[in-house]
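Student: My structure is stored as work.cif, with mmCIF, C-alpha atoms.
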```
data_data
#
loop_
_atom_site.group_PDB
_atom_site.id
_atom_site.type_symbol
_atom_site.label_atom_id
_atom_site.label_comp_id
_atom_site.auth_asym_id
_atom_site.auth_seq_id
_atom_site.Cartn_x
_atom_site.Cartn_y
_atom_site.Cartn_z
ATOM 1 C CA MET A 15 -98.518 -103.405 47.415
ATOM 2 C CA LYS A 16 -94.994 -102.343 48.433
ATOM 3 C CA HIS A 17 -94.187 -105.679 50.093
ATOM 4 C CA TYR A 18 -94.799 -107.427 46.725
ATOM 5 C CA LEU A 19 -92.208 -105.283 44.941
ATOM 6 C CA THR A 20 -89.133 -106.276 46.942
ATOM 7 C CA PRO A 21 -88.716 -109.862 45.616
ATOM 8 C CA PHE A 22 -89.184 -108.805 41.991
ATOM 9 C CA ILE A 23 -86.744 -105.898 42.229
ATOM 10 C CA PHE A 24 -84.280 -108.272 43.892
ATOM 11 C CA LEU A 25 -84.820 -110.851 41.122
ATOM 12 C CA LEU A 26 -84.233 -108.274 38.400
ATOM 13 C CA THR A 27 -81.081 -106.987 40.126
ATOM 14 C CA ILE A 28 -79.645 -110.498 40.503
ATOM 15 C CA THR A 29 -80.223 -111.447 36.859
ATOM 16 C CA LEU A 30 -78.742 -108.190 35.587
ATOM 17 C CA SER A 31 -75.626 -108.478 37.732
ATOM 18 C CA HIS A 32 -75.203 -112.174 36.894
ATOM 19 C CA SER A 33 -75.087 -111.356 33.189
ATOM 20 C CA GLN A 34 -71.573 -110.011 33.692
ATOM 21 C CA THR A 35 -70.353 -113.575 34.340
ATOM 22 C CA SER A 36 -72.120 -115.176 31.369
ATOM 23 C CA PRO A 37 -70.104 -117.929 29.666
ATOM 24 C CA GLU A 38 -70.831 -116.281 26.322
ATOM 25 C CA ASP A 39 -68.400 -113.666 25.063
ATOM 26 C CA GLU A 40 -71.114 -111.172 24.150
ATOM 27 C CA LEU A 41 -74.337 -109.999 25.742
ATOM 28 C CA GLY A 42 -77.018 -110.536 23.099
ATOM 29 C CA ALA A 43 -80.317 -108.761 22.581
ATOM 30 C CA TRP A 44 -83.919 -109.518 21.620
ATOM 31 C CA TYR A 45 -86.091 -106.829 20.044
ATOM 32 C CA THR A 46 -89.841 -107.425 20.096
ATOM 33 C CA TYR A 47 -92.995 -105.835 18.711
ATOM 34 C CA PHE A 48 -96.373 -107.321 19.597
ATOM 35 C CA GLY A 49 -99.865 -106.033 18.833
ATOM 36 C CA ASN A 50 -103.243 -107.221 20.136
ATOM 37 C CA HIS A 51 -106.283 -105.771 18.375
ATOM 38 C CA ARG A 52 -109.773 -106.422 19.777
ATOM 39 C CA ILE A 53 -112.394 -106.493 17.023
ATOM 40 C CA SER A 54 -115.390 -107.885 18.940
ATOM 41 C CA ASN A 55 -116.352 -109.093 22.411
ATOM 42 C CA LYS A 56 -115.101 -112.570 21.544
ATOM 43 C CA ILE A 57 -112.399 -112.061 18.896
ATOM 44 C CA SER A 58 -109.018 -110.322 18.810
ATOM 45 C CA ILE A 59 -106.207 -110.410 16.262
ATOM 46 C CA VAL A 60 -102.542 -110.639 17.239
ATOM 47 C CA ALA A 61 -99.546 -109.734 15.091
ATOM 48 C CA GLY A 62 -95.912 -109.112 15.835
ATOM 49 C CA GLY A 63 -92.296 -109.911 15.278
ATOM 50 C CA GLN A 64 -88.989 -110.491 17.024
ATOM 51 C CA ILE A 65 -85.317 -110.096 16.143
ATOM 52 C CA TRP A 66 -82.583 -111.931 18.038
ATOM 53 C CA ALA A 67 -78.954 -110.827 17.848
ATOM 54 C CA TYR A 68 -75.780 -112.360 19.278
ATOM 55 C CA GLU A 69 -74.619 -108.830 20.070
ATOM 56 C CA PRO A 70 -76.874 -105.827 20.768
ATOM 57 C CA THR A 71 -76.377 -104.213 17.353
ATOM 58 C CA THR A 72 -74.763 -106.919 15.169
ATOM 59 C CA ASN A 73 -74.785 -110.639 14.290
ATOM 60 C CA LEU A 74 -78.453 -111.228 13.534
ATOM 61 C CA ASN A 75 -79.452 -114.684 14.732
ATOM 62 C CA LEU A 76 -83.209 -114.977 14.203
ATOM 63 C CA LEU A 77 -86.172 -113.215 12.633
ATOM 64 C CA LEU A 78 -89.681 -114.231 13.748
ATOM 65 C CA LEU A 79 -92.985 -113.009 12.299
ATOM 66 C CA LYS A 80 -96.253 -114.086 13.918
ATOM 67 C CA GLY A 81 -99.987 -113.716 13.392
ATOM 68 C CA GLY A 82 -102.903 -115.247 15.236
ATOM 69 C CA ILE A 83 -106.515 -115.065 16.331
ATOM 70 C CA ASN A 84 -107.847 -115.150 19.902
ATOM 71 C CA TYR A 85 -111.238 -116.316 21.111
ATOM 72 C CA HIS A 86 -112.144 -114.759 24.461
ATOM 73 C CA ILE A 87 -114.152 -117.238 26.501
ATOM 74 C CA ASN A 88 -114.558 -114.692 29.300
ATOM 75 C CA SER A 89 -112.603 -111.794 30.826
ATOM 76 C CA LYS A 90 -110.034 -114.174 32.361
ATOM 77 C CA LEU A 91 -109.721 -116.988 29.816
ATOM 78 C CA LYS A 92 -108.882 -117.013 26.097
ATOM 79 C CA VAL A 93 -107.580 -119.435 23.484
ATOM 80 C CA GLU A 94 -105.409 -118.679 20.467
ATOM 81 C CA LEU A 95 -104.516 -120.223 17.130
ATOM 82 C CA GLY A 96 -101.270 -118.835 15.711
ATOM 83 C CA TYR A 97 -98.871 -119.140 12.789
ATOM 84 C CA SER A 98 -95.234 -118.023 12.709
ATOM 85 C CA PHE A 99 -92.438 -117.826 10.160
ATOM 86 C CA LEU A 100 -88.819 -117.892 11.336
ATOM 87 C CA ASP A 101 -85.542 -117.275 9.518
ATOM 88 C CA ILE A 102 -82.716 -118.699 11.649
ATOM 89 C CA ASP A 103 -79.045 -117.998 10.899
ATOM 90 C CA ARG A 104 -76.878 -120.864 12.168
ATOM 91 C CA SER A 105 -73.574 -119.866 10.581
ATOM 92 C CA ILE A 106 -72.248 -118.164 13.711
ATOM 93 C CA GLN A 107 -72.755 -121.434 15.597
ATOM 94 C CA GLY A 108 -70.632 -123.235 12.996
ATOM 95 C CA LEU A 109 -73.543 -125.456 11.937
ATOM 96 C CA ASP A 110 -74.023 -126.772 8.427
ATOM 97 C CA GLY A 111 -76.252 -124.588 6.274
ATOM 98 C CA LYS A 112 -76.435 -120.863 6.876
ATOM 99 C CA HIS A 113 -80.203 -120.421 7.109
ATOM 100 C CA VAL A 114 -82.985 -122.611 8.420
ATOM 101 C CA TYR A 115 -86.591 -121.638 7.759
ATOM 102 C CA GLU A 116 -89.225 -122.673 10.263
ATOM 103 C CA TYR A 117 -93.001 -122.686 9.814
ATOM 104 C CA ARG A 118 -94.744 -122.923 13.172
ATOM 105 C CA ILE A 119 -98.361 -123.597 14.103
ATOM 106 C CA SER A 120 -99.374 -123.003 17.721
ATOM 107 C CA GLU A 121 -102.391 -123.548 19.949
ATOM 108 C CA GLN A 122 -102.530 -121.606 23.176
ATOM 109 C CA ILE A 123 -104.654 -121.083 26.263
ATOM 110 C CA ALA A 124 -104.157 -118.094 28.577
ATOM 111 C CA TYR A 125 -105.692 -117.517 31.993
ATOM 112 C CA LYS A 126 -105.312 -114.656 34.470
ATOM 113 C CA HIS A 127 -106.427 -114.199 38.081
ATOM 114 C CA LYS A 128 -105.326 -112.625 41.344
ATOM 115 C CA LEU A 129 -103.504 -114.252 44.235
ATOM 116 C CA SER A 130 -104.406 -111.991 47.131
ATOM 117 C CA ASN A 131 -103.664 -108.604 45.492
ATOM 118 C CA LEU A 132 -101.008 -109.974 43.142
ATOM 119 C CA PRO A 133 -102.075 -110.380 39.486
ATOM 120 C CA ILE A 134 -101.053 -113.748 38.011
ATOM 121 C CA ASP A 135 -101.141 -114.892 34.394
ATOM 122 C CA HIS A 136 -100.653 -118.377 32.945
ATOM 123 C CA ARG A 137 -99.904 -119.323 29.338
ATOM 124 C CA LEU A 138 -99.852 -122.881 28.004
ATOM 125 C CA ARG A 139 -98.794 -123.295 24.369
ATOM 126 C CA LEU A 140 -98.446 -126.326 22.084
ATOM 127 C CA GLU A 141 -96.278 -125.867 18.974
ATOM 128 C CA GLN A 142 -95.854 -127.880 15.784
ATOM 129 C CA ARG A 143 -92.551 -126.828 14.200
ATOM 130 C CA LEU A 144 -91.746 -127.589 10.551
ATOM 131 C CA PHE A 145 -88.153 -126.995 9.387
ATOM 132 C CA ASN A 146 -86.909 -126.467 5.854
ATOM 133 C CA LEU A 147 -83.276 -127.625 5.957
ATOM 134 C CA ARG A 148 -80.671 -127.700 3.201
ATOM 135 C CA VAL A 149 -80.657 -131.511 3.392
ATOM 136 C CA GLY A 150 -84.451 -131.905 3.608
ATOM 137 C CA HIS A 151 -87.341 -131.358 5.991
ATOM 138 C CA SER A 152 -87.923 -132.185 9.639
ATOM 139 C CA SER A 153 -90.519 -131.523 12.321
ATOM 140 C CA LYS A 154 -90.655 -131.186 16.091
ATOM 141 C CA ASN A 155 -93.339 -130.639 18.698
ATOM 142 C CA ARG A 156 -92.967 -128.849 21.981
ATOM 143 C CA LEU A 157 -94.980 -127.660 24.989
ATOM 144 C CA ARG A 158 -94.448 -124.322 26.731
ATOM 145 C CA TYR A 159 -95.753 -123.102 30.085
ATOM 146 C CA ARG A 160 -95.260 -119.525 31.287
ATOM 147 C CA LEU A 161 -96.128 -118.087 34.716
ATOM 148 C CA GLY A 162 -95.953 -114.330 35.155
ATOM 149 C CA THR A 163 -97.095 -111.154 36.854
ATOM 150 C CA LYS A 164 -97.336 -107.441 36.157
ATOM 151 C CA ILE A 165 -97.106 -105.018 39.085
ATOM 152 C CA ASN A 166 -98.063 -101.381 38.638
ATOM 153 C CA LEU A 167 -95.762 -98.961 40.457
ATOM 154 C CA ASN A 168 -97.800 -95.920 39.404
ATOM 155 C CA LYS A 169 -99.780 -94.820 36.350
ATOM 156 C CA THR A 170 -96.641 -94.759 34.191
ATOM 157 C CA LEU A 171 -94.251 -97.448 35.475
ATOM 158 C CA PHE A 172 -94.700 -101.152 36.135
ATOM 159 C CA ILE A 173 -92.641 -104.290 36.697
ATOM 160 C CA ARG A 174 -93.069 -107.362 34.496
ATOM 161 C CA ALA A 175 -91.655 -110.748 35.566
ATOM 162 C CA ASN A 176 -92.228 -114.251 34.242
ATOM 163 C CA ASN A 177 -90.651 -117.674 33.923
ATOM 164 C CA GLU A 178 -91.252 -120.079 31.039
ATOM 165 C CA VAL A 179 -90.382 -123.769 30.876
ATOM 166 C CA ILE A 180 -90.227 -125.485 27.457
ATOM 167 C CA PHE A 181 -90.430 -129.229 26.788
ATOM 168 C CA HIS A 182 -89.771 -131.359 23.693
ATOM 169 C CA LEU A 183 -92.444 -134.007 23.126
ATOM 170 C CA GLU A 184 -90.311 -136.464 21.133
ATOM 171 C CA LYS A 185 -87.138 -136.941 23.190
ATOM 172 C CA ASP A 186 -84.925 -135.091 25.688
ATOM 173 C CA PHE A 187 -88.114 -133.936 27.393
ATOM 174 C CA PHE A 188 -86.762 -130.779 29.083
ATOM 175 C CA SER A 189 -85.703 -128.251 26.461
ATOM 176 C CA GLU A 190 -85.056 -124.868 28.067
ATOM 177 C CA ASN A 191 -85.978 -122.325 30.725
ATOM 178 C CA ARG A 192 -86.494 -118.585 30.240
ATOM 179 C CA LEU A 193 -86.490 -116.207 33.216
ATOM 180 C CA TYR A 194 -87.482 -112.619 32.420
ATOM 181 C CA GLY A 195 -87.654 -109.368 34.388
ATOM 182 C CA ALA A 196 -88.335 -105.880 33.046
ATOM 183 C CA LEU A 197 -89.249 -102.315 33.862
ATOM 184 C CA GLY A 198 -92.267 -101.213 31.837
ATOM 185 C CA ILE A 199 -93.279 -97.717 30.758
ATOM 186 C CA ASN A 200 -96.852 -96.889 29.746
ATOM 187 C CA LEU A 201 -96.407 -94.519 26.806
ATOM 188 C CA ASN A 202 -100.183 -94.064 26.567
ATOM 189 C CA LYS A 203 -103.357 -96.092 27.199
ATOM 190 C CA SER A 204 -102.678 -98.388 24.228
ATOM 191 C CA CYS A 205 -98.895 -98.699 24.180
ATOM 192 C CA ASN A 206 -96.111 -99.703 26.568
ATOM 193 C CA LEU A 207 -92.357 -100.193 26.306
ATOM 194 C CA GLN A 208 -90.475 -102.811 28.342
ATOM 195 C CA LEU A 209 -86.729 -102.719 29.055
ATOM 196 C CA GLY A 210 -85.564 -105.967 30.541
ATOM 197 C CA HIS A 211 -83.233 -108.917 30.817
ATOM 198 C CA MET A 212 -83.741 -112.598 30.051
ATOM 199 C CA TYR A 213 -81.734 -115.457 31.479
ATOM 200 C CA ARG A 214 -82.081 -118.406 29.109
ATOM 201 C CA TYR A 215 -80.865 -121.909 29.943
ATOM 202 C CA ILE A 216 -80.673 -124.126 26.848
ATOM 203 C CA ASN A 217 -78.396 -126.998 25.769
ATOM 204 C CA ASP A 218 -76.312 -126.606 28.957
ATOM 205 C CA LEU A 219 -75.652 -122.959 28.045
ATOM 206 C CA ASN A 220 -76.412 -120.003 30.286
ATOM 207 C CA LEU A 221 -77.385 -117.173 27.961
ATOM 208 C CA HIS A 222 -78.159 -113.583 28.939
ATOM 209 C CA ARG A 223 -80.144 -111.311 26.657
ATOM 210 C CA LEU A 224 -81.163 -107.693 26.871
ATOM 211 C CA GLN A 225 -84.769 -107.206 25.791
ATOM 212 C CA ILE A 226 -86.457 -104.149 24.340
ATOM 213 C CA SER A 227 -90.140 -104.763 23.690
ATOM 214 C CA LEU A 228 -92.964 -102.605 22.350
ATOM 215 C CA PHE A 229 -96.542 -103.725 23.033
ATOM 216 C CA ILE A 230 -99.630 -102.148 21.462
ATOM 217 C CA LYS A 231 -103.220 -103.000 22.386
ATOM 218 C CA THR A 232 -106.174 -101.501 20.546
ATOM 219 C CA ASP A 233 -109.941 -101.914 20.850
ATOM 220 C CA HIS A 234 -112.037 -101.570 17.690
ATOM 221 C CA ARG A 235 -115.359 -102.574 19.220
ATOM 222 C CA LYS A 236 -118.176 -100.109 18.692
ATOM 223 C CA LYS A 237 -118.893 -98.262 21.898
ATOM 224 C CA LYS A 238 -122.458 -98.171 23.121
ATOM 225 C CA VAL A 239 -124.043 -94.749 22.860
#
```
Translate this structure into structure tokens?

Tutor:
Amino acid sequence: MKHYLTPFIFLLTITLSHSQTSPEDELGAWYTYFGNHRISNKISIVAGGQIWAYEPTTNLNLLLLKGGINYHINSKLKVELGYSFLDIDRSIQGLDGKHVYEYRISEQIAYKHKLSNLPIDHRLRLEQRLFNLRVGHSSKNRLRYRLGTKINLNKTLFIRANNEVIFHLEKDFFSENRLYGALGINLNKSCNLQLGHMYRYINDLNLHRLQISLFIKTDHRKKKV
């Protein structure tokens, strides 16, 4: 397992050091909570939220709230139907209208497997995005594909790394790329905390974001006696 760790530690080190030369004046931050609650062999409920800030403790940029339902086809494959509400503050960017409200519907398929001894997970998501603007309404559709892995260092610590590519379906096909690396801490069997860094390429900008994420997974299925 040790020979798998070297490239991911190297990747995380490079992205963290590169953030010092970001074209943006401030290093922003994303704060995430995500819960997955299994209620039967086939069904689980997901709920969570995310806050984006232009600076780690100030200049709120985005609030996202999400809920969804998963259908587990088998232990490796599941599909999800989700709904999200977003409050986006554009005033710092100098754009017209301080707040934009987005209502997002998403359909997702997730698959996990092993490549040799390395765990691999895939996520393909289609989104229908409805915007409530000061001058009216608009809509966009986009496709997202994420490839990732989680490597356990011991019972408490793990490394999480993934890359996500996002495409617009109407025009300007390529939208953005998100490269993420983090050190994870298992707080208990149901909860883990991830401290990481995301490099985000969007609109010819190279953005660097600290990430602090809390993930909770519970199982409410009745155990066989």

Student: Check what the PyMOL selection byres ((chain A and resi 168) around 12) selects in the file above and give those residues as a PDB file with C-alpha atoms, in the frame of the given file.

Tutor:
```pdb
ATOM      1  CA  MET A  15     -98.518-103.405  47.415  1.00  0.00           C
ATOM      2  CA  LYS A  16     -94.994-102.343  48.433  1.00  0.00           C
ATOM      3  CA  LYS A 164     -97.336-107.441  36.157  1.00  0.00           C
ATOM      4  CA  ILE A 165     -97.106-105.018  39.085  1.00  0.00           C
ATOM      5  CA  ASN A 166     -98.063-101.381  38.638  1.00  0.00           C
ATOM      6  CA  LEU A 167     -95.762 -98.961  40.457  1.00  0.00           C
ATOM      7  CA  LYS A 169     -99.780 -94.820  36.350  1.00  0.00           C
ATOM      8  CA  THR A 170     -96.641 -94.759  34.191  1.00  0.00           C
ATOM      9  CA  LEU A 171     -94.251 -97.448  35.475  1.00  0.00           C
ATOM     10  CA  PHE A 172     -94.700-101.152  36.135  1.00  0.00           C
ATOM     11  CA  ILE A 173     -92.641-104.290  36.697  1.00  0.00           C
ATOM     12  CA  GLY A 198     -92.267-101.213  31.837  1.00  0.00           C
ATOM     13  CA  ILE A 199     -93.279 -97.717  30.758  1.00  0.00           C
ATOM     14  CA  ASN A 200     -96.852 -96.889  29.746  1.00  0.00           C
TER      15      ASN A 200
END
```

Student: For range 60-74 of chain A, work out the shell of residues within 8 Å, counting only C-alpha atoms and skipping chain neighbours fewer than 4 positions away, then give it as an NGL selection string.

Tutor: :A and (40-51 or 78-84 or 103 or 106 or 224)

Student: Suppose a student applies the PyMOL selection byres ((chain A and resi 213) around 9) to this structure; what residues should they get, written as number ranges by chain?

Tutor: A: 29-30, 33, 191-195, 211-212, 214-215, 220-223

Student: Under the rule that all atoms listed in the file are counted, which of A:Ile230, A:Leu183, A:Leu129, A:Leu157 is the nearest residue to Lys203 in chain A?

Tutor: A:Ile230

Student: Show me the residues around (-90.9, -115.2, 32.8) - criterion: an atom at most 6 Å away, only C-alpha atoms counted - as a PyMOL selection string.

Tutor: chain A and resi 162+175-178+193-194

Student: Residues around (-98.9, -119.4, 27.3), cut-off 7 Å, counting all atoms listed in the file - what are they as a list in words?

Tutor: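 Output of the proximity query reads Gln122, Ile123, Ala124, His136, Arg137, Leu138, Arg139, Arg158, Tyr159 and Arg160 of chain A.
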
Student: Could you dump the residues just selected with C-alpha atoms as a PDB file, in the frame of the given file?

Tutor:
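As written to disk, selection_1.pdb reads:
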```pdb
ATOM      1  CA  GLN A 122    -102.530-121.606  23.176  1.00  0.00           C
ATOM      2  CA  ILE A 123    -104.654-121.083  26.263  1.00  0.00           C
ATOM      3  CA  ALA A 124    -104.157-118.094  28.577  1.00  0.00           C
ATOM      4  CA  HIS A 136    -100.653-118.377  32.945  1.00  0.00           C
ATOM      5  CA  ARG A 137     -99.904-119.323  29.338  1.00  0.00           C
ATOM      6  CA  LEU A 138     -99.852-122.881  28.004  1.00  0.00           C
ATOM      7  CA  ARG A 139     -98.794-123.295  24.369  1.00  0.00           C
ATOM      8  CA  ARG A 158     -94.448-124.322  26.731  1.00  0.00           C
ATOM      9  CA  TYR A 159     -95.753-123.102  30.085  1.00  0.00           C
ATOM     10  CA  ARG A 160     -95.260-119.525  31.287  1.00  0.00           C
TER      11      ARG A 160
END
```

Student: Please compute the CA of Phe187 in chain A-CA of Leu144 in chain A distance, one decimal, in Å.

Tutor: 18.4 Å

Student: Counting only C-alpha atoms, which residue out of A:Thr163, A:Cys205, A:Leu91, A:Asn146 sits closest to Leu132 in chain A?

Tutor: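 For Leu132 in chain A, the nearest of the candidates is A:Thr163.
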
Student: Restricting the calculation to only C-alpha atoms, which member of A:Lys112, A:Lys185, A:Arg174, A:Arg235 is positioned closest to Gly210 in chain A?

Tutor: A:Arg174

Student: What's the separation between CA of Ile180 in chain A and CA of Asp135 in chain A, in Å to one decimal place?

Tutor: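 Value for the CA of Ile180 in chain A-CA of Asp135 in chain A distance: 16.7 Å.
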
Student: In Å, rounded to a single decimal, give me how far CA of Gly96 in chain A is from CA of Arg156 in chain A.

Tutor: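 These two atoms are separated by 14.4 Å.
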
Student: Considering only C-alpha atoms, state which residue in the set A:Tyr125, A:Asn206, A:Val93, A:Leu100 is at the smallest distance from Leu140 in chain A.

Tutor: A:Val93

Student: Nearest to Ile226 in chain A: which of A:Asn131, A:Ser58, A:Ala196, A:Asn202 is it, counting all atoms listed in the file?

Tutor: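 Closest to Ile226 in chain A, using all atoms listed in the file: A:Ala196.
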
Student: Kindly indicate which residue among A:Ser98, A:Gln208, A:Ser152, A:Gln142 lies nearest to His182 in chain A, using only C-alpha atoms for the distances.

Tutor: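 Residue with the minimum atom-to-atom distance to His182 in chain A: A:Gln142.
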
Student: Please identify all polymer residues within 9 Å of Ser204 in chain A, counting only C-alpha atoms, omitting same-chain residues fewer than 3 positions from it, and present them as an NGL selection string.

Tutor: :A and (200-201 or 229-233)
